[in-house]
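J.: I am sharing query32.csv, which consists of CSV, N, CA and C atoms:
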chain,number,residue,atom,x,y,z
B,90,MET,N,20.6,-58.4,41.2
B,90,MET,CA,19.7,-57.4,40.7
B,90,MET,C,19.8,-56.1,41.4
B,91,ALA,N,20.0,-55.0,40.7
B,91,ALA,CA,20.2,-53.7,41.3
B,91,ALA,C,18.8,-53.0,41.5
B,92,GLY,N,18.8,-52.3,42.6
B,92,GLY,CA,17.5,-51.6,42.9
B,92,GLY,C,17.5,-50.2,42.3
B,93,ILE,N,16.4,-49.6,42.3
B,93,ILE,CA,16.3,-48.2,41.7
B,93,ILE,C,15.7,-47.4,42.9
B,94,SER,N,16.3,-46.2,43.0
B,94,SER,CA,15.9,-45.3,44.0
B,94,SER,C,15.4,-44.0,43.3
B,95,VAL,N,14.3,-43.5,43.7
B,95,VAL,CA,13.7,-42.3,43.1
B,95,VAL,C,13.4,-41.3,44.2
B,96,ARG,N,13.9,-40.1,44.0
B,96,ARG,CA,13.6,-39.1,44.9
B,96,ARG,C,12.7,-38.1,44.3
B,97,ILE,N,11.6,-37.8,44.9
B,97,ILE,CA,10.6,-36.9,44.4
B,97,ILE,C,10.7,-35.6,45.2
B,98,ASP,N,10.8,-34.5,44.5
B,98,ASP,CA,10.9,-33.2,45.1
B,98,ASP,C,9.5,-32.6,45.1
B,99,LYS,N,8.8,-33.0,46.1
B,99,LYS,CA,7.4,-32.6,46.3
B,99,LYS,C,7.2,-31.1,46.3
B,100,ALA,N,8.0,-30.4,47.1
B,100,ALA,CA,8.0,-28.9,47.2
B,100,ALA,C,8.3,-28.3,45.9
B,101,GLY,N,9.2,-28.8,45.1
B,101,GLY,CA,9.5,-28.3,43.8
B,101,GLY,C,8.4,-28.4,42.8
B,102,ILE,N,7.8,-29.6,42.9
B,102,ILE,CA,6.6,-29.8,42.0
B,102,ILE,C,5.5,-28.9,42.3
B,103,ILE,N,5.2,-28.7,43.6
B,103,ILE,CA,4.1,-27.8,44.0
B,103,ILE,C,4.4,-26.4,43.6
B,104,ALA,N,5.7,-25.9,43.8
B,104,ALA,CA,6.1,-24.6,43.4
B,104,ALA,C,5.9,-24.3,41.9
B,105,LYS,N,6.4,-25.3,41.2
B,105,LYS,CA,6.3,-25.2,39.7
B,105,LYS,C,4.9,-25.2,39.2
B,106,THR,N,4.0,-26.0,39.8
B,106,THR,CA,2.6,-26.0,39.5
B,106,THR,C,1.9,-24.7,39.9
B,107,ASP,N,2.3,-24.1,41.0
B,107,ASP,CA,1.7,-22.9,41.5
B,107,ASP,C,2.1,-21.7,40.5
B,108,ARG,N,3.3,-21.7,40.1
B,108,ARG,CA,3.8,-20.7,39.1
B,108,ARG,C,3.0,-20.9,37.8
B,109,ALA,N,2.8,-22.1,37.3
B,109,ALA,CA,2.1,-22.3,36.1
B,109,ALA,C,0.6,-21.9,36.2
B,110,LYS,N,0.0,-22.2,37.4
B,110,LYS,CA,-1.4,-21.8,37.6
B,110,LYS,C,-1.5,-20.2,37.6
B,111,THR,N,-0.6,-19.6,38.2
B,111,THR,CA,-0.6,-18.1,38.2
B,111,THR,C,-0.4,-17.6,36.8
B,112,ARG,N,0.5,-18.1,36.0
B,112,ARG,CA,0.8,-17.7,34.7
B,112,ARG,C,-0.5,-17.9,33.8
B,113,ALA,N,-1.2,-19.0,34.0
B,113,ALA,CA,-2.4,-19.3,33.3
B,113,ALA,C,-3.5,-18.4,33.7
B,114,LEU,N,-3.7,-18.1,35.0
B,114,LEU,CA,-4.7,-17.2,35.4
B,114,LEU,C,-4.5,-15.8,34.9
B,115,LEU,N,-3.3,-15.3,34.9
B,115,LEU,CA,-3.0,-13.9,34.4
B,115,LEU,C,-3.3,-13.9,32.9
B,116,ALA,N,-2.8,-14.9,32.2
B,116,ALA,CA,-3.1,-14.9,30.7
B,116,ALA,C,-4.6,-15.0,30.4
B,117,LEU,N,-5.3,-15.8,31.1
B,117,LEU,CA,-6.7,-15.9,30.9
B,117,LEU,C,-7.4,-14.6,31.2
B,118,LYS,N,-7.1,-14.0,32.4
B,118,LYS,CA,-7.7,-12.7,32.7
B,118,LYS,C,-7.5,-11.6,31.7
B,119,GLY,N,-6.2,-11.5,31.2
B,119,GLY,CA,-5.9,-10.6,30.2
B,119,GLY,C,-6.7,-10.8,28.9
B,120,GLN,N,-6.8,-12.1,28.6
B,120,GLN,CA,-7.6,-12.4,27.3
B,120,GLN,C,-9.0,-12.1,27.5
B,121,ILE,N,-9.6,-12.4,28.6
B,121,ILE,CA,-11.0,-12.1,28.9
B,121,ILE,C,-11.3,-10.6,28.9
B,122,ALA,N,-10.4,-9.8,29.5
B,122,ALA,CA,-10.5,-8.4,29.5
B,122,ALA,C,-10.5,-7.8,28.1
B,123,ALA,N,-9.6,-8.3,27.3
B,123,ALA,CA,-9.5,-7.9,25.9
B,123,ALA,C,-10.7,-8.3,25.1
B,124,ASP,N,-11.1,-9.5,25.2
B,124,ASP,CA,-12.2,-10.0,24.4
B,124,ASP,C,-13.6,-9.5,24.8
B,125,THR,N,-13.7,-9.0,26.1
B,125,THR,CA,-15.0,-8.5,26.5
B,125,THR,C,-15.1,-7.0,26.1
B,126,ALA,N,-14.0,-6.3,26.0
B,126,ALA,CA,-14.0,-4.9,25.7
B,126,ALA,C,-14.9,-4.4,24.7
B,127,PRO,N,-15.0,-5.0,23.5
B,127,PRO,CA,-15.9,-4.5,22.5
B,127,PRO,C,-17.4,-4.6,22.8
B,128,TYR,N,-17.7,-5.4,23.8
B,128,TYR,CA,-19.1,-5.5,24.2
B,128,TYR,C,-19.5,-4.7,25.4
B,129,VAL,N,-18.6,-4.0,26.1
B,129,VAL,CA,-18.9,-3.2,27.2
B,129,VAL,C,-19.5,-1.9,26.8
B,130,PRO,N,-20.7,-1.5,27.4
B,130,PRO,CA,-21.3,-0.3,27.0
B,130,PRO,C,-20.3,0.9,27.3
B,131,ARG,N,-20.4,1.9,26.4
B,131,ARG,CA,-19.5,3.0,26.6
B,131,ARG,C,-20.0,4.3,26.0
B,132,VAL,N,-19.6,5.3,26.7
B,132,VAL,CA,-19.8,6.7,26.1
B,132,VAL,C,-18.4,7.3,26.1
B,133,THR,N,-17.8,7.3,27.3
B,133,THR,CA,-16.4,7.9,27.4
B,133,THR,C,-15.3,6.8,27.3
B,134,GLY,N,-15.6,5.6,27.6
B,134,GLY,CA,-14.6,4.5,27.6
B,134,GLY,C,-14.1,4.2,29.0
B,135,ASP,N,-14.5,5.0,30.0
B,135,ASP,CA,-14.0,4.8,31.4
B,135,ASP,C,-14.3,3.4,31.9
B,136,LEU,N,-15.5,2.9,31.6
B,136,LEU,CA,-15.9,1.6,32.1
B,136,LEU,C,-15.0,0.5,31.6
B,137,VAL,N,-14.8,0.5,30.3
B,137,VAL,CA,-14.0,-0.5,29.7
B,137,VAL,C,-12.5,-0.5,30.2
B,138,ARG,N,-12.0,0.7,30.4
B,138,ARG,CA,-10.7,0.9,30.9
B,138,ARG,C,-10.5,0.5,32.4
B,139,SER,N,-11.6,0.6,33.1
B,139,SER,CA,-11.6,0.3,34.6
B,139,SER,C,-11.2,-1.1,34.9
B,140,VAL,N,-11.3,-2.1,34.0
B,140,VAL,CA,-10.9,-3.4,34.3
B,140,VAL,C,-9.4,-3.7,34.3
B,141,LYS,N,-8.7,-2.8,33.8
B,141,LYS,CA,-7.2,-3.0,33.6
B,141,LYS,C,-6.5,-3.3,34.9
B,142,PRO,N,-6.6,-2.6,36.0
B,142,PRO,CA,-5.9,-3.0,37.2
B,142,PRO,C,-6.1,-4.4,37.7
B,143,SER,N,-7.4,-4.9,37.5
B,143,SER,CA,-7.7,-6.2,38.1
B,143,SER,C,-7.2,-7.4,37.2
B,144,ASP,N,-6.8,-7.1,36.0
B,144,ASP,CA,-6.3,-8.2,35.1
B,144,ASP,C,-4.9,-8.5,35.5
B,145,LEU,N,-4.2,-7.7,36.3
B,145,LEU,CA,-2.9,-8.0,36.7
B,145,LEU,C,-2.7,-8.6,38.1
B,146,THR,N,-3.8,-8.9,38.8
B,146,THR,CA,-3.8,-9.5,40.1
B,146,THR,C,-4.0,-11.0,40.0
B,147,THR,N,-3.7,-11.7,41.1
B,147,THR,CA,-3.9,-13.1,41.1
B,147,THR,C,-5.3,-13.4,41.7
B,148,GLU,N,-6.2,-12.4,41.9
B,148,GLU,CA,-7.5,-12.7,42.4
B,148,GLU,C,-8.2,-13.5,41.2
B,149,PRO,N,-9.1,-14.4,41.6
B,149,PRO,CA,-9.7,-15.3,40.5
B,149,PRO,C,-10.9,-14.6,39.9
B,150,PHE,N,-10.9,-13.3,39.7
B,150,PHE,CA,-12.0,-12.6,39.1
B,150,PHE,C,-11.5,-11.3,38.5
B,151,LEU,N,-12.3,-10.7,37.6
B,151,LEU,CA,-12.0,-9.4,37.0
B,151,LEU,C,-13.0,-8.5,37.7
B,152,ARG,N,-12.6,-7.2,37.8
B,152,ARG,CA,-13.5,-6.2,38.4
B,152,ARG,C,-13.5,-5.0,37.5
B,153,TRP,N,-14.7,-4.6,37.1
B,153,TRP,CA,-14.8,-3.3,36.4
B,153,TRP,C,-15.2,-2.3,37.5
B,154,SER,N,-14.3,-1.4,37.8
B,154,SER,CA,-14.3,-0.7,39.1
B,154,SER,C,-15.0,0.7,39.1
B,155,ILE,N,-15.6,1.1,38.0
B,155,ILE,CA,-16.4,2.3,37.9
B,155,ILE,C,-17.6,2.1,38.8
B,156,PRO,N,-18.0,3.1,39.6
B,156,PRO,CA,-19.2,3.0,40.5
B,156,PRO,C,-20.4,2.5,39.8
B,157,TYR,N,-20.6,2.8,38.5
B,157,TYR,CA,-21.9,2.4,37.8
B,157,TYR,C,-21.7,1.1,37.1
B,158,ALA,N,-20.6,0.4,37.2
B,158,ALA,CA,-20.4,-0.8,36.5
B,158,ALA,C,-21.5,-1.9,36.7
B,159,ARG,N,-22.0,-2.0,37.9
B,159,ARG,CA,-23.0,-3.0,38.2
B,159,ARG,C,-24.3,-2.7,37.4
B,160,ARG,N,-24.7,-1.4,37.4
B,160,ARG,CA,-25.9,-1.0,36.7
B,160,ARG,C,-25.8,-1.2,35.2
B,161,GLN,N,-24.6,-0.9,34.7
B,161,GLN,CA,-24.4,-1.2,33.3
B,161,GLN,C,-24.4,-2.6,33.0
B,162,TYR,N,-23.8,-3.5,33.8
B,162,TYR,CA,-23.7,-4.9,33.5
B,162,TYR,C,-25.1,-5.5,33.5
B,163,TYR,N,-26.0,-5.1,34.4
B,163,TYR,CA,-27.3,-5.7,34.4
B,163,TYR,C,-28.3,-4.9,33.6
B,164,GLY,N,-27.9,-4.0,32.8
B,164,GLY,CA,-28.7,-3.4,31.8
B,164,GLY,C,-29.4,-2.1,32.1
B,165,HIS,N,-29.0,-1.4,33.2
B,165,HIS,CA,-29.7,-0.2,33.5
B,165,HIS,C,-28.9,1.0,33.0
B,166,PHE,N,-28.9,1.1,31.7
B,166,PHE,CA,-28.1,2.2,31.1
B,166,PHE,C,-29.0,3.0,30.1
B,167,LYS,N,-28.6,4.2,29.8
B,167,LYS,CA,-29.4,5.0,28.9
B,167,LYS,C,-28.6,5.3,27.6
B,168,HIS,N,-27.3,5.4,27.7
B,168,HIS,CA,-26.5,5.7,26.5
B,168,HIS,C,-25.5,4.7,26.3
B,169,THR,N,-25.4,4.2,25.1
B,169,THR,CA,-24.4,3.2,24.8
B,169,THR,C,-24.1,3.3,23.3
B,170,ARG,N,-23.1,2.6,22.8
B,170,ARG,CA,-22.8,2.5,21.4
B,170,ARG,C,-23.3,1.2,20.9
B,171,ALA,N,-23.7,1.2,19.6
B,171,ALA,CA,-24.2,0.0,19.0
B,171,ALA,C,-23.2,-1.2,19.1
B,172,GLY,N,-23.7,-2.4,19.3
B,172,GLY,CA,-22.8,-3.5,19.4
B,172,GLY,C,-22.3,-3.8,20.8
B,173,THR,N,-22.7,-3.0,21.8
B,173,THR,CA,-22.4,-3.3,23.2
B,173,THR,C,-23.6,-3.9,23.9
B,174,PHE,N,-23.4,-4.6,25.0
B,174,PHE,CA,-24.4,-5.3,25.6
B,174,PHE,C,-24.4,-5.3,27.1
B,175,ARG,N,-25.5,-5.5,27.7
B,175,ARG,CA,-25.5,-5.8,29.2
B,175,ARG,C,-25.0,-7.2,29.3
B,176,LEU,N,-24.6,-7.6,30.4
B,176,LEU,CA,-24.0,-9.0,30.6
B,176,LEU,C,-22.9,-9.3,29.6
B,177,TRP,N,-22.0,-8.3,29.4
B,177,TRP,CA,-21.0,-8.4,28.4
B,177,TRP,C,-20.1,-9.6,28.6
B,178,TYR,N,-19.8,-10.0,29.8
B,178,TYR,CA,-18.9,-11.1,30.0
B,178,TYR,C,-19.6,-12.4,29.5
B,179,GLU,N,-20.9,-12.5,29.7
B,179,GLU,CA,-21.7,-13.7,29.3
B,179,GLU,C,-21.7,-13.7,27.7
B,180,VAL,N,-21.9,-12.6,27.1
B,180,VAL,CA,-21.9,-12.5,25.6
B,180,VAL,C,-20.5,-13.0,25.1
B,181,ALA,N,-19.4,-12.4,25.7
B,181,ALA,CA,-18.1,-12.8,25.2
B,181,ALA,C,-17.8,-14.2,25.5
B,182,LYS,N,-18.2,-14.7,26.7
B,182,LYS,CA,-18.0,-16.1,27.0
B,182,LYS,C,-18.6,-17.1,26.0
B,183,SER,N,-19.8,-16.7,25.5
B,183,SER,CA,-20.5,-17.6,24.6
B,183,SER,C,-19.8,-17.6,23.2
B,184,ILE,N,-19.0,-16.6,22.9
B,184,ILE,CA,-18.2,-16.5,21.7
B,184,ILE,C,-16.8,-17.1,21.9
B,185,PHE,N,-16.2,-16.8,23.0
B,185,PHE,CA,-14.7,-17.1,23.1
B,185,PHE,C,-14.4,-18.2,24.1
B,186,ARG,N,-15.3,-18.9,24.6
B,186,ARG,CA,-15.0,-19.9,25.6
B,186,ARG,C,-13.9,-20.9,25.3
B,187,LYS,N,-13.9,-21.4,24.1
B,187,LYS,CA,-12.9,-22.3,23.6
B,187,LYS,C,-11.5,-21.6,23.5
B,188,LYS,N,-11.5,-20.4,23.0
B,188,LYS,CA,-10.3,-19.7,22.9
B,188,LYS,C,-9.7,-19.4,24.3
B,189,TRP,N,-10.5,-19.1,25.3
B,189,TRP,CA,-10.1,-18.8,26.6
B,189,TRP,C,-9.5,-20.1,27.2
B,190,ALA,N,-10.1,-21.2,27.0
B,190,ALA,CA,-9.5,-22.5,27.5
B,190,ALA,C,-8.2,-22.8,26.9
B,191,ASP,N,-8.0,-22.5,25.6
B,191,ASP,CA,-6.8,-22.7,24.9
B,191,ASP,C,-5.7,-21.8,25.4
B,192,VAL,N,-6.0,-20.5,25.7
B,192,VAL,CA,-5.1,-19.5,26.2
B,192,VAL,C,-4.6,-20.0,27.6
B,193,ALA,N,-5.5,-20.4,28.4
B,193,ALA,CA,-5.1,-20.9,29.8
B,193,ALA,C,-4.3,-22.1,29.7
B,194,ASP,N,-4.6,-23.0,28.8
B,194,ASP,CA,-3.9,-24.3,28.7
B,194,ASP,C,-2.4,-24.0,28.2
B,195,ARG,N,-2.3,-23.2,27.2
B,195,ARG,CA,-1.0,-22.9,26.7
B,195,ARG,C,-0.1,-22.2,27.7
B,196,ALA,N,-0.7,-21.2,28.4
B,196,ALA,CA,0.0,-20.5,29.5
B,196,ALA,C,0.4,-21.4,30.6
B,197,PHE,N,-0.4,-22.4,31.0
B,197,PHE,CA,-0.1,-23.3,32.0
B,197,PHE,C,1.1,-24.2,31.6
B,198,LYS,N,1.0,-24.6,30.4
B,198,LYS,CA,2.1,-25.5,29.9
B,198,LYS,C,3.4,-24.7,29.5
B,199,GLY,N,3.3,-23.4,29.5
B,199,GLY,CA,4.4,-22.5,29.2
B,199,GLY,C,4.8,-22.5,27.7
B,200,THR,N,3.8,-22.7,26.9
B,200,THR,CA,4.0,-22.7,25.4
B,200,THR,C,3.5,-21.4,24.8
So that I can check it, write out the structure of this file as structure tokens.
T.:
Amino acid sequence: MAGISVRIDKAGIIAKTDRAKTRALLALKGQIAADTAPYVPRVTGDLVRSVKPSDLTTEPFLRWSIPYARRQYYGHFKHTRAGTFRLWYEVAKSIFRKKWADVADRAFKGT
């Protein structure tokens, strides 16, 4: 009876998984930034554009970097366009949660 020998490349598996996680995170962040954009309060559009640099990093969050972003997010605004909301991420999440999970899953799998 012949034996079977299996060699597991643990470092290779970890590296491949890390690359897949990064790919999924970047895809998810990009999709969240795109899907929340219509709900972000705006007059000039600076606030909605301020998220762009953070969707290209591997940090596990998005950052709207305009100084008044926090005030806008929590609803302390005077001027906005119809159809925009405070807590815009929460509004978009309630609509797109399944889509975001699918985007992350496909990106992780590389499909």
J.: Looking at only N, CA and C atoms, which of B:Arg160, B:His165, B:Lys182, B:Arg170 is the one that sits closest to Ile121 of chain B?
T.: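 Closest to Ile121 of chain B of all the choices is B:Lys182.
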J.: Between atom C of Arg175 of chain B and atom CA of Tyr162 of chain B, measure the distance and give it in Å to one decimal.
T.: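 One can read the atom C of Arg175 of chain B to atom CA of Tyr162 of chain B distance as 5.0 Å.
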J.: Taking only C-alpha atoms into account, which of B:Ser183, B:Thr111, B:Thr125, B:Gln120 comes nearest Val137 of chain B?
T.: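 Counting only C-alpha atoms, the residue closest to Val137 of chain B is B:Thr125.
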J.: Work out how far atom N of Gly199 of chain B is from atom C of Arg152 of chain B, in Å to one decimal.
T.: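 Here the two named atoms are 26.2 Å from each other.
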J.: Between atom N of Leu114 of chain B and atom C of Arg96 of chain B, what is the distance, to one decimal in Å?
T.: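 Here the two named atoms are 27.5 Å from each other.
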J.: Starting from the sparse input, extend segment 100-111 of chain B to all heavy atoms and give the output as a compact mmCIF listing (two decimals), in the frame of the given file.
T.:
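Writing the result to result28.txt gives the following:
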# COMPACT_ATOMS: atom_id res chain seq x y z
N ALA B 100 8.00 -30.40 47.10
CA ALA B 100 8.00 -28.90 47.20
C ALA B 100 8.30 -28.30 45.90
O ALA B 100 7.64 -27.27 45.52
CB ALA B 100 8.95 -28.46 48.30
N GLY B 101 9.20 -28.80 45.10
CA GLY B 101 9.50 -28.30 43.80
C GLY B 101 8.40 -28.40 42.80
O GLY B 101 8.12 -27.51 42.04
N ILE B 102 7.80 -29.60 42.90
CA ILE B 102 6.60 -29.80 42.00
C ILE B 102 5.50 -28.90 42.30
O ILE B 102 4.87 -28.27 41.42
CB ILE B 102 6.16 -31.29 42.09
CG1 ILE B 102 7.24 -32.22 41.53
CG2 ILE B 102 4.83 -31.50 41.37
CD1 ILE B 102 7.01 -33.68 41.82
N ILE B 103 5.20 -28.70 43.60
CA ILE B 103 4.10 -27.80 44.00
C ILE B 103 4.40 -26.40 43.60
O ILE B 103 3.57 -25.65 43.08
CB ILE B 103 3.87 -27.92 45.53
CG1 ILE B 103 3.26 -29.28 45.83
CG2 ILE B 103 2.97 -26.79 46.03
CD1 ILE B 103 3.17 -29.62 47.31
N ALA B 104 5.70 -25.90 43.80
CA ALA B 104 6.10 -24.60 43.40
C ALA B 104 5.90 -24.30 41.90
O ALA B 104 5.44 -23.30 41.48
CB ALA B 104 7.48 -24.26 43.90
N LYS B 105 6.40 -25.30 41.20
CA LYS B 105 6.30 -25.20 39.70
C LYS B 105 4.90 -25.20 39.20
O LYS B 105 4.49 -24.38 38.35
CB LYS B 105 7.05 -26.37 39.04
CG LYS B 105 7.15 -26.26 37.55
CD LYS B 105 8.00 -27.38 36.97
CE LYS B 105 8.11 -27.23 35.47
NZ LYS B 105 8.92 -28.29 34.88
N THR B 106 4.00 -26.00 39.80
CA THR B 106 2.60 -26.00 39.50
C THR B 106 1.90 -24.70 39.90
O THR B 106 1.12 -24.14 39.12
CB THR B 106 1.88 -27.18 40.19
OG1 THR B 106 2.53 -28.39 39.80
CG2 THR B 106 0.42 -27.24 39.83
N ASP B 107 2.30 -24.10 41.00
CA ASP B 107 1.70 -22.90 41.50
C ASP B 107 2.10 -21.70 40.50
O ASP B 107 1.27 -20.88 40.17
CB ASP B 107 2.16 -22.50 42.89
CG ASP B 107 1.46 -23.33 43.95
OD1 ASP B 107 0.44 -23.99 43.62
OD2 ASP B 107 1.93 -23.33 45.11
N ARG B 108 3.30 -21.70 40.10
CA ARG B 108 3.80 -20.70 39.10
C ARG B 108 3.00 -20.90 37.80
O ARG B 108 2.60 -19.88 37.16
CB ARG B 108 5.29 -20.79 38.85
CG ARG B 108 6.12 -20.25 39.98
CD ARG B 108 7.59 -20.11 39.61
NE ARG B 108 8.19 -21.35 39.18
CZ ARG B 108 8.76 -22.25 39.98
NH1 ARG B 108 8.80 -22.05 41.29
NH2 ARG B 108 9.31 -23.34 39.49
N ALA B 109 2.80 -22.10 37.30
CA ALA B 109 2.10 -22.30 36.10
C ALA B 109 0.60 -21.90 36.20
O ALA B 109 0.05 -21.33 35.30
CB ALA B 109 2.16 -23.82 35.70
N LYS B 110 0.00 -22.20 37.40
CA LYS B 110 -1.40 -21.80 37.60
C LYS B 110 -1.50 -20.20 37.60
O LYS B 110 -2.43 -19.69 37.00
CB LYS B 110 -1.88 -22.30 38.95
CG LYS B 110 -2.28 -23.74 38.91
CD LYS B 110 -2.70 -24.34 40.23
CE LYS B 110 -3.21 -23.44 41.29
NZ LYS B 110 -3.55 -24.10 42.55
N THR B 111 -0.60 -19.60 38.20
CA THR B 111 -0.60 -18.10 38.20
C THR B 111 -0.40 -17.60 36.80
O THR B 111 -1.10 -16.63 36.38
CB THR B 111 0.54 -17.54 39.13
OG1 THR B 111 0.29 -17.99 40.46
CG2 THR B 111 0.60 -16.03 39.10
